[in-house]
file data-v4.cif (mmCIF, C-alpha atoms and all ligand atoms)
data_upload
#
loop_
_atom_site.group_PDB
_atom_site.id
_atom_site.type_symbol
_atom_site.label_atom_id
_atom_site.label_comp_id
_atom_site.auth_asym_id
_atom_site.auth_seq_id
_atom_site.Cartn_x
_atom_site.Cartn_y
_atom_site.Cartn_z
ATOM 1 C CA MET Q 299 -95.548 -7.047 109.420
ATOM 2 C CA PHE Q 300 -96.146 -6.357 105.764
ATOM 3 C CA TYR Q 301 -95.210 -8.551 102.886
ATOM 4 C CA GLN Q 302 -95.383 -8.338 99.135
ATOM 5 C CA CYS Q 303 -98.124 -10.029 97.152
ATOM 6 C CA GLY Q 304 -97.121 -11.695 93.928
ATOM 7 C CA ASP Q 305 -98.349 -8.725 91.993
ATOM 8 C CA GLY Q 306 -96.053 -6.432 93.866
ATOM 9 C CA ARG Q 307 -98.255 -4.657 96.383
ATOM 10 C CA ARG Q 308 -98.089 -4.353 100.132
ATOM 11 C CA ASN Q 309 -100.930 -6.119 101.771
ATOM 12 C CA PRO Q 310 -101.898 -4.641 105.146
ATOM 13 C CA LEU Q 311 -105.092 -6.680 105.205
ATOM 14 C CA LEU Q 312 -103.273 -9.970 105.583
ATOM 15 C CA ALA Q 313 -100.945 -8.451 108.139
ATOM 16 C CA ARG Q 314 -103.898 -7.792 110.492
ATOM 17 C CA THR Q 315 -105.011 -11.406 110.648
ATOM 18 C CA MET Q 316 -105.160 -12.705 114.225
ATOM 19 C CA THR Q 317 -106.024 -16.374 113.677
ATOM 20 C CA VAL Q 318 -103.866 -18.782 111.667
ATOM 21 C CA PRO Q 319 -104.653 -17.854 108.068
ATOM 22 C CA VAL Q 320 -105.809 -20.638 105.781
ATOM 23 C CA PHE Q 321 -105.235 -20.358 102.028
ATOM 24 C CA ARG Q 322 -106.285 -22.721 99.297
ATOM 25 C CA PHE Q 323 -105.593 -23.423 95.667
ATOM 26 C CA ALA Q 324 -108.698 -24.959 94.079
ATOM 27 C CA PRO Q 325 -108.151 -26.132 90.504
ATOM 28 C CA SER Q 326 -110.777 -27.993 88.498
ATOM 29 C CA SER Q 327 -109.431 -31.330 87.324
ATOM 30 C CA ASN Q 328 -110.876 -30.903 83.844
ATOM 31 C CA GLY Q 329 -107.617 -29.981 82.128
ATOM 32 C CA ALA Q 330 -103.878 -29.670 82.580
ATOM 33 C CA LEU Q 331 -102.433 -26.850 84.685
ATOM 34 C CA HIS Q 332 -100.874 -23.921 82.827
ATOM 35 C CA LEU Q 333 -98.799 -20.911 83.820
ATOM 36 C CA GLY Q 334 -101.864 -19.112 85.193
ATOM 37 C CA HIS Q 335 -102.490 -21.955 87.631
ATOM 38 C CA ALA Q 336 -98.812 -22.063 88.557
ATOM 39 C CA TYR Q 337 -98.994 -18.374 89.438
ATOM 40 C CA SER Q 338 -102.119 -18.801 91.542
ATOM 41 C CA ALA Q 339 -100.785 -21.851 93.370
ATOM 42 C CA LEU Q 340 -97.354 -20.289 94.032
ATOM 43 C CA LEU Q 341 -98.937 -17.025 95.171
ATOM 44 C CA ASN Q 342 -101.241 -18.814 97.605
ATOM 45 C CA ALA Q 343 -98.402 -20.898 98.991
ATOM 46 C CA SER Q 344 -96.081 -17.909 99.317
ATOM 47 C CA LEU Q 345 -98.715 -15.784 101.075
ATOM 48 C CA ALA Q 346 -99.511 -18.686 103.404
ATOM 49 C CA GLY Q 347 -95.818 -19.167 104.126
ATOM 50 C CA ALA Q 348 -95.193 -15.464 104.769
ATOM 51 C CA ALA Q 349 -98.206 -15.238 107.087
ATOM 52 C CA GLY Q 350 -97.358 -18.426 109.006
ATOM 53 C CA GLY Q 351 -100.557 -19.893 107.636
ATOM 54 C CA ARG Q 352 -101.779 -23.163 106.152
ATOM 55 C CA PHE Q 353 -101.932 -24.027 102.468
ATOM 56 C CA LEU Q 354 -104.645 -26.413 101.271
ATOM 57 C CA LEU Q 355 -105.327 -27.939 97.908
ATOM 58 C CA ARG Q 356 -108.890 -28.646 96.805
ATOM 59 C CA ILE Q 357 -109.843 -30.531 93.667
ATOM 60 C CA GLU Q 358 -112.989 -29.094 92.107
ATOM 61 C CA ASP Q 359 -114.285 -32.136 90.268
ATOM 62 C CA ILE Q 360 -118.071 -31.935 90.395
ATOM 63 C CA ASP Q 361 -118.159 -32.086 86.600
ATOM 64 C CA THR Q 362 -117.670 -35.831 86.308
ATOM 65 C CA THR Q 363 -117.950 -35.751 82.513
ATOM 66 C CA ARG Q 364 -114.804 -33.620 82.136
ATOM 67 C CA CYS Q 365 -112.782 -34.274 85.315
ATOM 68 C CA THR Q 366 -110.704 -37.444 85.215
ATOM 69 C CA PRO Q 367 -108.378 -39.240 87.690
ATOM 70 C CA GLU Q 368 -105.562 -38.891 85.131
ATOM 71 C CA LEU Q 369 -105.905 -35.108 85.044
ATOM 72 C CA GLU Q 370 -106.114 -35.029 88.837
ATOM 73 C CA ASN Q 371 -102.905 -37.046 89.137
ATOM 74 C CA GLN Q 372 -101.228 -34.714 86.696
ATOM 75 C CA ILE Q 373 -102.216 -31.760 88.903
ATOM 76 C CA TYR Q 374 -100.560 -33.382 91.948
ATOM 77 C CA HIS Q 375 -97.492 -34.173 89.870
ATOM 78 C CA ASP Q 376 -97.179 -30.650 88.430
ATOM 79 C CA LEU Q 377 -97.663 -28.960 91.806
ATOM 80 C CA ALA Q 378 -95.145 -31.217 93.531
ATOM 81 C CA TRP Q 379 -92.678 -30.566 90.720
ATOM 82 C CA LEU Q 380 -93.157 -26.830 91.281
ATOM 83 C CA GLY Q 381 -91.996 -27.449 94.841
ATOM 84 C CA LEU Q 382 -95.359 -27.013 96.545
ATOM 85 C CA GLN Q 383 -96.461 -28.898 99.627
ATOM 86 C CA TRP Q 384 -100.035 -29.077 100.810
ATOM 87 C CA GLU Q 385 -101.953 -30.667 103.615
ATOM 88 C CA THR Q 386 -103.543 -34.071 103.108
ATOM 89 C CA PRO Q 387 -106.111 -35.468 102.681
ATOM 90 C CA VAL Q 388 -106.989 -33.232 99.766
ATOM 91 C CA ARG Q 389 -110.654 -32.309 99.645
ATOM 92 C CA ARG Q 390 -112.176 -33.631 96.430
ATOM 93 C CA GLN Q 391 -115.577 -32.122 95.794
ATOM 94 C CA SER Q 392 -117.004 -35.259 94.165
ATOM 95 C CA GLN Q 393 -116.757 -36.991 97.558
ATOM 96 C CA HIS Q 394 -118.796 -34.409 99.437
ATOM 97 C CA MET Q 395 -122.151 -34.291 97.686
ATOM 98 C CA ASP Q 396 -123.908 -34.697 101.072
ATOM 99 C CA ASP Q 397 -122.511 -31.368 102.255
ATOM 100 C CA TYR Q 398 -123.840 -29.602 99.165
ATOM 101 C CA THR Q 399 -127.195 -31.390 99.415
ATOM 102 C CA GLN Q 400 -127.638 -30.081 102.965
ATOM 103 C CA ALA Q 401 -126.908 -26.516 101.876
ATOM 104 C CA LEU Q 402 -129.213 -26.853 98.882
ATOM 105 C CA GLU Q 403 -132.017 -28.133 101.111
ATOM 106 C CA ARG Q 404 -131.764 -25.055 103.272
ATOM 107 C CA LEU Q 405 -132.141 -22.828 100.231
ATOM 108 C CA ILE Q 406 -135.128 -24.902 99.034
ATOM 109 C CA GLU Q 407 -136.762 -24.604 102.458
ATOM 110 C CA ALA Q 408 -136.227 -20.848 102.455
ATOM 111 C CA GLU Q 409 -137.982 -20.740 99.052
ATOM 112 C CA ILE Q 410 -135.214 -18.778 97.424
ATOM 113 C CA VAL Q 411 -134.427 -21.347 94.755
ATOM 114 C CA TYR Q 412 -136.794 -22.730 92.128
ATOM 115 C CA PRO Q 413 -136.704 -25.704 89.752
ATOM 116 C CA SER Q 414 -135.775 -24.677 86.213
ATOM 117 C CA PHE Q 415 -136.758 -26.932 83.356
ATOM 118 C CA MET Q 416 -135.733 -24.874 80.326
ATOM 119 C CA SER Q 417 -133.042 -26.456 78.155
ATOM 120 C CA ARG Q 418 -130.204 -24.393 76.675
ATOM 121 C CA GLN Q 419 -132.047 -24.509 73.397
ATOM 122 C CA ASP Q 420 -135.284 -23.238 75.006
ATOM 123 C CA VAL Q 421 -133.325 -20.359 76.540
ATOM 124 C CA ARG Q 422 -131.636 -19.456 73.262
ATOM 125 C CA GLY Q 423 -134.988 -19.537 71.452
ATOM 126 C CA TYR Q 424 -136.712 -17.388 74.088
ATOM 127 C CA ILE Q 425 -133.979 -14.753 74.002
ATOM 128 C CA ALA Q 426 -133.730 -14.730 70.199
ATOM 129 C CA GLU Q 427 -137.480 -14.151 70.003
ATOM 130 C CA SER Q 428 -137.334 -11.329 72.508
ATOM 131 C CA GLU Q 429 -134.374 -9.721 70.710
ATOM 132 C CA ALA Q 430 -136.193 -10.065 67.376
ATOM 133 C CA ARG Q 431 -138.910 -7.898 68.933
ATOM 134 C CA GLY Q 432 -136.280 -5.242 69.538
ATOM 135 C CA HIS Q 433 -135.447 -5.807 73.227
ATOM 136 C CA ALA Q 434 -131.703 -6.049 73.962
ATOM 137 C CA TRP Q 435 -131.437 -8.952 76.408
ATOM 138 C CA PRO Q 436 -129.387 -8.215 79.579
ATOM 139 C CA ARG Q 437 -126.059 -10.048 79.980
ATOM 140 C CA ASP Q 438 -123.980 -11.059 82.986
ATOM 141 C CA PRO Q 439 -120.366 -9.913 83.578
ATOM 142 C CA ASP Q 440 -119.116 -12.898 81.550
ATOM 143 C CA GLY Q 441 -121.288 -11.823 78.614
ATOM 144 C CA ALA Q 442 -123.839 -14.655 78.933
ATOM 145 C CA PRO Q 443 -127.542 -13.748 78.705
ATOM 146 C CA LEU Q 444 -129.397 -13.661 82.029
ATOM 147 C CA PHE Q 445 -131.739 -16.584 82.604
ATOM 148 C CA PRO Q 446 -135.287 -15.738 81.444
ATOM 149 C CA PRO Q 447 -137.999 -15.525 84.138
ATOM 150 C CA VAL Q 448 -140.132 -18.302 82.600
ATOM 151 C CA ASP Q 449 -139.385 -21.022 85.164
ATOM 152 C CA ARG Q 450 -139.395 -18.578 88.058
ATOM 153 C CA ASP Q 451 -142.892 -17.443 87.151
ATOM 154 C CA ARG Q 452 -144.312 -20.923 86.567
ATOM 155 C CA PRO Q 453 -147.460 -21.662 88.606
ATOM 156 C CA PRO Q 454 -146.763 -24.088 91.496
ATOM 157 C CA SER Q 455 -149.166 -26.658 90.020
ATOM 158 C CA ASP Q 456 -147.186 -26.720 86.733
ATOM 159 C CA ARG Q 457 -143.900 -27.084 88.644
ATOM 160 C CA ARG Q 458 -145.302 -29.912 90.703
ATOM 161 C CA ARG Q 459 -146.659 -31.753 87.671
ATOM 162 C CA ARG Q 460 -143.325 -31.553 85.843
ATOM 163 C CA MET Q 461 -141.421 -32.740 88.904
ATOM 164 C CA GLU Q 462 -143.839 -35.615 89.430
ATOM 165 C CA GLU Q 463 -143.485 -36.630 85.798
ATOM 166 C CA GLY Q 464 -139.722 -36.817 86.258
ATOM 167 C CA GLU Q 465 -138.804 -33.939 83.948
ATOM 168 C CA PRO Q 466 -135.136 -33.066 84.572
ATOM 169 C CA PHE Q 467 -134.587 -29.746 86.327
ATOM 170 C CA ALA Q 468 -131.832 -27.608 87.810
ATOM 171 C CA TRP Q 469 -132.205 -25.405 90.896
ATOM 172 C CA ARG Q 470 -131.751 -21.690 90.282
ATOM 173 C CA LEU Q 471 -131.492 -18.893 92.773
ATOM 174 C CA ASP Q 472 -134.475 -16.535 92.688
ATOM 175 C CA MET Q 473 -132.212 -13.500 92.758
ATOM 176 C CA ASN Q 474 -134.954 -11.034 93.717
ATOM 177 C CA ALA Q 475 -136.161 -13.212 96.577
ATOM 178 C CA ALA Q 476 -132.602 -13.984 97.701
ATOM 179 C CA THR Q 477 -131.439 -10.375 97.833
ATOM 180 C CA ALA Q 478 -134.668 -9.387 99.628
ATOM 181 C CA HIS Q 479 -133.914 -12.121 102.197
ATOM 182 C CA VAL Q 480 -130.644 -10.478 103.214
ATOM 183 C CA ALA Q 481 -130.755 -7.501 105.539
ATOM 184 C CA GLY Q 482 -128.834 -4.533 104.161
ATOM 185 C CA PRO Q 483 -126.138 -4.291 101.504
ATOM 186 C CA ILE Q 484 -123.420 -6.933 101.350
ATOM 187 C CA SER Q 485 -119.767 -6.374 100.637
ATOM 188 C CA TRP Q 486 -116.320 -7.904 100.875
ATOM 189 C CA GLU Q 487 -112.799 -6.792 101.639
ATOM 190 C CA GLU Q 488 -110.632 -6.976 98.531
ATOM 191 C CA SER Q 489 -106.866 -6.745 98.775
ATOM 192 C CA GLY Q 490 -106.206 -7.494 95.102
ATOM 193 C CA ASP Q 491 -108.372 -5.833 92.547
ATOM 194 C CA GLY Q 492 -111.152 -6.239 90.022
ATOM 195 C CA PRO Q 493 -111.132 -5.705 86.269
ATOM 196 C CA ASP Q 494 -111.585 -1.942 86.755
ATOM 197 C CA GLY Q 495 -109.106 -1.657 89.604
ATOM 198 C CA GLU Q 496 -111.714 -2.033 92.363
ATOM 199 C CA THR Q 497 -110.060 -2.599 95.716
ATOM 200 C CA GLY Q 498 -110.791 -2.155 99.435
ATOM 201 C CA ARG Q 499 -114.387 -2.538 100.609
ATOM 202 C CA ILE Q 500 -116.379 -3.735 97.588
ATOM 203 C CA THR Q 501 -120.172 -3.590 97.493
ATOM 204 C CA ALA Q 502 -121.511 -6.884 96.151
ATOM 205 C CA ARG Q 503 -124.101 -6.598 93.396
ATOM 206 C CA PRO Q 504 -125.164 -10.219 92.850
ATOM 207 C CA GLU Q 505 -128.208 -9.122 90.846
ATOM 208 C CA ILE Q 506 -125.963 -8.512 87.823
ATOM 209 C CA TRP Q 507 -125.826 -12.304 87.444
ATOM 210 C CA GLY Q 508 -129.596 -12.902 87.402
ATOM 211 C CA ASP Q 509 -130.946 -16.272 88.538
ATOM 212 C CA VAL Q 510 -127.691 -18.230 88.773
ATOM 213 C CA ILE Q 511 -127.587 -22.001 88.837
ATOM 214 C CA ILE Q 512 -127.261 -23.504 92.324
ATOM 215 C CA ALA Q 513 -127.608 -27.189 91.481
ATOM 216 C CA ARG Q 514 -127.203 -28.591 88.000
ATOM 217 C CA LYS Q 515 -129.666 -31.006 86.457
ATOM 218 C CA GLU Q 516 -127.558 -34.062 87.203
ATOM 219 C CA MET Q 517 -126.152 -33.142 90.650
ATOM 220 C CA PRO Q 518 -127.031 -31.411 93.948
ATOM 221 C CA THR Q 519 -124.587 -28.553 93.423
ATOM 222 C CA SER Q 520 -122.852 -26.102 91.100
ATOM 223 C CA TYR Q 521 -119.571 -24.210 91.157
ATOM 224 C CA HIS Q 522 -121.053 -21.356 93.231
ATOM 225 C CA LEU Q 523 -122.610 -23.547 95.913
ATOM 226 C CA SER Q 524 -119.654 -25.928 96.305
ATOM 227 C CA VAL Q 525 -117.100 -23.152 96.530
ATOM 228 C CA VAL Q 526 -118.818 -21.348 99.403
ATOM 229 C CA VAL Q 527 -119.664 -24.536 101.286
ATOM 230 C CA ASP Q 528 -116.087 -25.811 100.954
ATOM 231 C CA ASP Q 529 -114.431 -22.522 101.849
ATOM 232 C CA ALA Q 530 -116.518 -22.509 105.037
ATOM 233 C CA LEU Q 531 -116.002 -26.197 105.913
ATOM 234 C CA GLN Q 532 -112.267 -25.940 105.300
ATOM 235 C CA GLY Q 533 -112.011 -22.763 107.388
ATOM 236 C CA ILE Q 534 -110.542 -20.770 104.510
ATOM 237 C CA THR Q 535 -109.705 -17.269 105.722
ATOM 238 C CA HIS Q 536 -108.115 -15.955 102.499
ATOM 239 C CA VAL Q 537 -109.416 -16.654 99.017
ATOM 240 C CA VAL Q 538 -106.652 -15.822 96.552
ATOM 241 C CA ARG Q 539 -107.687 -16.520 92.969
ATOM 242 C CA GLY Q 540 -107.741 -15.077 89.459
ATOM 243 C CA ARG Q 541 -109.371 -11.778 88.636
ATOM 244 C CA ASP Q 542 -111.748 -13.603 86.285
ATOM 245 C CA LEU Q 543 -113.649 -14.645 89.432
ATOM 246 C CA PHE Q 544 -113.853 -11.134 90.904
ATOM 247 C CA HIS Q 545 -117.499 -10.558 89.897
ATOM 248 C CA ALA Q 546 -118.527 -14.085 90.918
ATOM 249 C CA THR Q 547 -117.591 -13.077 94.474
ATOM 250 C CA ALA Q 548 -120.858 -11.119 94.662
ATOM 251 C CA VAL Q 549 -122.776 -14.395 94.290
ATOM 252 C CA HIS Q 550 -120.497 -16.093 96.818
ATOM 253 C CA ARG Q 551 -121.082 -13.327 99.335
ATOM 254 C CA LEU Q 552 -124.847 -13.604 98.858
ATOM 255 C CA LEU Q 553 -124.756 -17.374 99.402
ATOM 256 C CA GLN Q 554 -122.597 -16.914 102.506
ATOM 257 C CA GLU Q 555 -125.225 -14.533 103.915
ATOM 258 C CA LEU Q 556 -128.096 -16.864 103.035
ATOM 259 C CA LEU Q 557 -126.371 -19.896 104.577
ATOM 260 C CA GLY Q 558 -124.853 -18.060 107.559
ATOM 261 C CA LEU Q 559 -121.257 -18.851 106.554
ATOM 262 C CA PRO Q 560 -118.114 -16.944 107.569
ATOM 263 C CA VAL Q 561 -116.695 -14.410 105.127
ATOM 264 C CA PRO Q 562 -113.075 -14.824 104.000
ATOM 265 C CA HIS Q 563 -110.855 -12.011 102.776
ATOM 266 C CA TYR Q 564 -110.549 -11.931 99.008
ATOM 267 C CA HIS Q 565 -107.540 -11.223 96.860
ATOM 268 C CA HIS Q 566 -108.121 -11.393 93.105
ATOM 269 C CA HIS Q 567 -104.807 -11.498 91.322
ATOM 270 C CA THR Q 568 -103.848 -10.494 87.809
ATOM 271 C CA LEU Q 569 -104.165 -13.117 85.107
ATOM 272 C CA ILE Q 570 -101.242 -14.406 83.110
ATOM 273 C CA LEU Q 571 -102.091 -13.628 79.477
ATOM 274 C CA ASP Q 572 -100.775 -15.092 76.244
ATOM 275 C CA GLU Q 573 -98.785 -13.044 73.738
ATOM 276 C CA ASP Q 574 -102.051 -11.820 72.171
ATOM 277 C CA GLY Q 575 -103.344 -10.605 75.520
ATOM 278 C CA ARG Q 576 -105.842 -13.456 75.927
ATOM 279 C CA LYS Q 577 -106.486 -15.514 79.040
ATOM 280 C CA LEU Q 578 -104.572 -18.813 78.939
ATOM 281 C CA SER Q 579 -106.725 -21.815 78.166
ATOM 282 C CA LYS Q 580 -106.395 -25.422 79.208
ATOM 283 C CA SER Q 581 -106.511 -26.534 75.564
ATOM 284 C CA ARG Q 582 -103.449 -24.445 74.589
ATOM 285 C CA GLY Q 583 -100.652 -26.884 75.360
ATOM 286 C CA ASP Q 584 -97.675 -24.547 74.958
ATOM 287 C CA THR Q 585 -98.157 -22.777 78.292
ATOM 288 C CA GLY Q 586 -98.946 -26.020 80.109
ATOM 289 C CA ILE Q 587 -96.662 -26.867 83.028
ATOM 290 C CA ALA Q 588 -96.028 -30.364 81.629
ATOM 291 C CA ALA Q 589 -95.135 -28.970 78.195
ATOM 292 C CA LEU Q 590 -92.789 -26.370 79.692
ATOM 293 C CA ARG Q 591 -91.147 -29.043 81.824
ATOM 294 C CA ALA Q 592 -90.708 -31.267 78.742
ATOM 295 C CA ALA Q 593 -89.144 -28.297 76.938
ATOM 296 C CA GLY Q 594 -86.518 -28.050 79.692
ATOM 297 C CA ALA Q 595 -87.962 -25.375 82.025
ATOM 298 C CA THR Q 596 -87.121 -25.706 85.725
ATOM 299 C CA PRO Q 597 -89.459 -24.875 88.629
ATOM 300 C CA ALA Q 598 -87.365 -21.736 89.210
ATOM 301 C CA ASP Q 599 -87.932 -20.729 85.576
ATOM 302 C CA ILE Q 600 -91.705 -21.054 86.053
ATOM 303 C CA ALA Q 601 -91.612 -18.989 89.264
ATOM 304 C CA ARG Q 602 -89.620 -16.313 87.442
ATOM 305 C CA ILE Q 603 -91.920 -16.280 84.404
ATOM 306 C CA VAL Q 604 -95.004 -15.743 86.595
ATOM 307 C CA GLY Q 605 -93.205 -13.163 88.725
ATOM 308 C CA ILE Q 606 -93.228 -14.802 92.145
ATOM 309 C CA ALA Q 607 -90.201 -13.304 93.867
ATOM 310 C CA PRO Q 608 -88.034 -15.917 95.639
ATOM 311 C CA ALA Q 609 -88.016 -13.584 98.673
ATOM 312 C CA VAL Q 610 -91.640 -14.378 99.448
ATOM 313 C CA ARG Q 611 -91.391 -18.127 98.742
HETATM 314 N N1 LIG V 701 -112.019 -24.211 90.358
HETATM 315 C C1 LIG V 701 -111.969 -22.861 89.894
HETATM 316 C C2 LIG V 701 -111.078 -22.769 88.666
HETATM 317 O O1 LIG V 701 -110.286 -23.676 88.424
HETATM 318 C C3 LIG V 701 -111.424 -21.891 90.925
HETATM 319 C C4 LIG V 701 -112.351 -21.698 92.040
HETATM 320 C C5 LIG V 701 -111.932 -20.660 93.065
HETATM 321 O O2 LIG V 701 -110.734 -20.415 93.263
HETATM 322 O O3 LIG V 701 -112.817 -20.116 93.706
HETATM 323 O O4 LIG V 701 -111.190 -21.807 87.941
#

call {"tool": "encode", "arguments": {"input": "data-v4.cif", "output": "structure tokens", "more": "lines below"}}
Ligand code: GLU
result
Amino acid sequence: MFYQCGDGRRNPLLARTMTVPVFRFAPSSNGALHLGHAYSALLNASLAGAAGGRFLLRIEDIDTTRCTPELENQIYHDLAWLGLQWETPVRRQSQHMDDYTQALERLIEAEIVYPSFMSRQDVRGYIAESEARGHAWPRDPDGAPLFPPVDRDRPPSDRRRRMEEGEPFAWRLDMNAATAHVAGPISWEESGDGPDGETGRITARPEIWGDVIIARKEMPTSYHLSVVVDDALQGITHVVRGRDLFHATAVHRLLQELLGLPVPHYHHHTLILDEDGRKLSKSRGDTGIAALRAAGATPADIARIVGIAPAVR
């Protein structure tokens, strides 16, 4: 059986699935949901429904400074208003730090992460100095400068001293060591597409991200680590999310290999853009679900605006 994805394409990949497919919508509770989230949530639920699969909701709330219970409640309210139903209990990342700690410990034992002490200001200064000497500093797919090798190259005695003195540090992946640890090239099956139309079997090139953060200074995890641990623990078979996370999938695939986790299928969907062609932001209230509801929009209006055909709902 074939069925349409929200962005209008036939998806033979999903049709081949033998086990019960498990989809998830995983918003961060650091802002109100907007049309882009509505699209992602409705698409996940409609694909799960069409495939006879399960639809889970996960609250990504590791950032306790920006994620609040009020915003989380608003997410539940908006999704229910849209007509979505999900399994309970909902997995809330802030309640599962032990799971991330265990995964982090394995990476520490394998010596593929290192403690990084540099502050944002140190990093900016280091890069500015290097650029002033005429070296263009490499950037990641999001345009951020790659992390300098200073902490990676620190002598073990210096690392130990700083740790013993209680200097705050994050854990970063030693990208060279990590990619060397994995036998052969890694890839994933993509049934949506990337920013340049990449689809099908995609070769992962995690090295374009440099030494990514695995655990932030104040917690035993980061977005990348939690997302792969949770997808595995929740048995997610199909990751359907925005195209802005297409390149991050290379890091997720690498972590899955390093931690021996199963590999889901990926479908990166188009993003809903504003009238100026920019990605919607959580701070722009006018495309927020709550604001649209207050302005008189119905759930059917939202589904129509984001282009989810009733036939696949
Ligand atoms: N929590 C992420 C976000 O809101 C999505 C993570 C994912 O789908 O992998 O952008």

call {"tool": "residues_near_ligand", "arguments": {"input": "data-v4.cif", "ligand": "ligand LIG 701 (chain V)", "cutoff": "9 Å", "atoms": "all atoms listed in the file", "output": "list in words"}}
result
Arg322, Phe323, Ala324, Pro325, Ser326, Ser327, Asn328, His335, Ser338, Arg356, Ile357, Glu358, Asp359, Tyr521, His522, Val525, Val526, Asp529, Val537, Val538, Arg539, Gly540, Asp542, Leu543, Ala546 and Thr547 of chain Q

call {"tool": "write_last_selection", "arguments": {"input": "data-v4.cif", "atoms": "C-alpha atoms", "output": "JSON list (two decimals), keeping the file's coordinate frame"}}
result
[["chain", "number", "residue", "atom", "x", "y", "z"],
["Q", 322, "ARG", "CA", -106.28, -22.72, 99.30],
["Q", 323, "PHE", "CA", -105.59, -23.42, 95.67],
["Q", 324, "ALA", "CA", -108.70, -24.96, 94.08],
["Q", 325, "PRO", "CA", -108.15, -26.13, 90.50],
["Q", 326, "SER", "CA", -110.78, -27.99, 88.50],
["Q", 327, "SER", "CA", -109.43, -31.33, 87.32],
["Q", 328, "ASN", "CA", -110.88, -30.90, 83.84],
["Q", 335, "HIS", "CA", -102.49, -21.96, 87.63],
["Q", 338, "SER", "CA", -102.12, -18.80, 91.54],
["Q", 356, "ARG", "CA", -108.89, -28.65, 96.80],
["Q", 357, "ILE", "CA", -109.84, -30.53, 93.67],
["Q", 358, "GLU", "CA", -112.99, -29.09, 92.11],
["Q", 359, "ASP", "CA", -114.28, -32.14, 90.27],
["Q", 521, "TYR", "CA", -119.57, -24.21, 91.16],
["Q", 522, "HIS", "CA", -121.05, -21.36, 93.23],
["Q", 525, "VAL", "CA", -117.10, -23.15, 96.53],
["Q", 526, "VAL", "CA", -118.82, -21.35, 99.40],
["Q", 529, "ASP", "CA", -114.43, -22.52, 101.85],
["Q", 537, "VAL", "CA", -109.42, -16.65, 99.02],
["Q", 538, "VAL", "CA", -106.65, -15.82, 96.55],
["Q", 539, "ARG", "CA", -107.69, -16.52, 92.97],
["Q", 540, "GLY", "CA", -107.74, -15.08, 89.46],
["Q", 542, "ASP", "CA", -111.75, -13.60, 86.28],
["Q", 543, "LEU", "CA", -113.65, -14.64, 89.43],
["Q", 546, "ALA", "CA", -118.53, -14.08, 90.92],
["Q", 547, "THR", "CA", -117.59, -13.08, 94.47]]

call {"tool": "resolve_selection", "arguments": {"input": "data-v4.cif", "expression": "the PyMOL selection byres (((chain Q and resi 373-378) around 8) and not hetatm)", "output": "compact mmCIF listing (two decimals) with C-alpha atoms, in the coordinates of the input"}}
result
# COMPACT_ATOMS: atom_id res chain seq x y z
CA SER Q 327 -109.43 -31.33 87.32
CA ALA Q 330 -103.88 -29.67 82.58
CA LEU Q 331 -102.43 -26.85 84.68
CA ALA Q 336 -98.81 -22.06 88.56
CA ALA Q 339 -100.78 -21.85 93.37
CA LEU Q 369 -105.90 -35.11 85.04
CA GLU Q 370 -106.11 -35.03 88.84
CA ASN Q 371 -102.90 -37.05 89.14
CA GLN Q 372 -101.23 -34.71 86.70
CA TRP Q 379 -92.68 -30.57 90.72
CA LEU Q 380 -93.16 -26.83 91.28
CA GLY Q 381 -92.00 -27.45 94.84
CA LEU Q 382 -95.36 -27.01 96.54
CA GLN Q 383 -96.46 -28.90 99.63
CA ILE Q 587 -96.66 -26.87 83.03
CA ALA Q 588 -96.03 -30.36 81.63

call {"tool": "closest_residue", "arguments": {"input": "data-v4.cif", "among": "Q:Pro413, Q:His563, Q:Arg576, Q:Glu368", "to": "Arg514 in chain Q", "atoms": "all atoms listed in the file"}}
result
Q:Pro413

call {"tool": "closest_atom_pairs", "arguments": {"input": "data-v4.cif", "of": "range 368-434 of chain Q", "to": "range 442-465 of chain Q", "cutoff": "12 Å", "atoms": "only C-alpha atoms", "output": "Markdown table"}}
result
| residue | atom | partner | partner_atom | distance |
| --- | --- | --- | --- | --- |
| Q:Glu409 | CA | Q:Arg450 | CA | 11.3 |
| Q:Ile410 | CA | Q:Arg450 | CA | 10.3 |
| Q:Val411 | CA | Q:Arg450 | CA | 8.8 |
| Q:Tyr412 | CA | Q:Arg450 | CA | 6.4 |
| Q:Pro413 | CA | Q:Asp449 | CA | 7.1 |
| Q:Ser414 | CA | Q:Asp449 | CA | 5.2 |
| Q:Phe415 | CA | Q:Asp449 | CA | 6.7 |
| Q:Met416 | CA | Q:Asp449 | CA | 7.2 |
| Q:Ser417 | CA | Q:Asp449 | CA | 10.9 |
| Q:Arg418 | CA | Q:Phe445 | CA | 9.9 |
| Q:Asp420 | CA | Q:Pro446 | CA | 9.9 |
| Q:Val421 | CA | Q:Pro446 | CA | 7.0 |
| Q:Arg422 | CA | Q:Pro443 | CA | 8.9 |
| Q:Gly423 | CA | Q:Pro446 | CA | 10.7 |
| Q:Tyr424 | CA | Q:Pro446 | CA | 7.7 |
| Q:Ile425 | CA | Q:Pro446 | CA | 7.6 |
| Q:Ala426 | CA | Q:Pro443 | CA | 10.6 |
| Q:Glu427 | CA | Q:Pro446 | CA | 11.8 |
| Q:Ser428 | CA | Q:Pro446 | CA | 10.2 |
| Q:Glu429 | CA | Q:Pro443 | CA | 11.3 |
| Q:Ala434 | CA | Q:Pro443 | CA | 10.0 |

call {"tool": "residues_around", "arguments": {"input": "data-v4.cif", "residues": "range 494-506 of chain Q", "least_positions_apart": "2", "cutoff": "9 Å", "atoms": "only C-alpha atoms", "output": "list in words"}}
result
Pro436, Arg437, Asp438, Pro439, Leu444, Met473, Asn474, Thr477, Pro483, Ile484, Ser485, Trp486, Glu487, Glu488, Ser489, Gly490, Asp491, Gly492, Gly508, Asp509, His545, Ala546, Thr547, Ala548, Val549, His550, Arg551 and Leu552 of chain Q
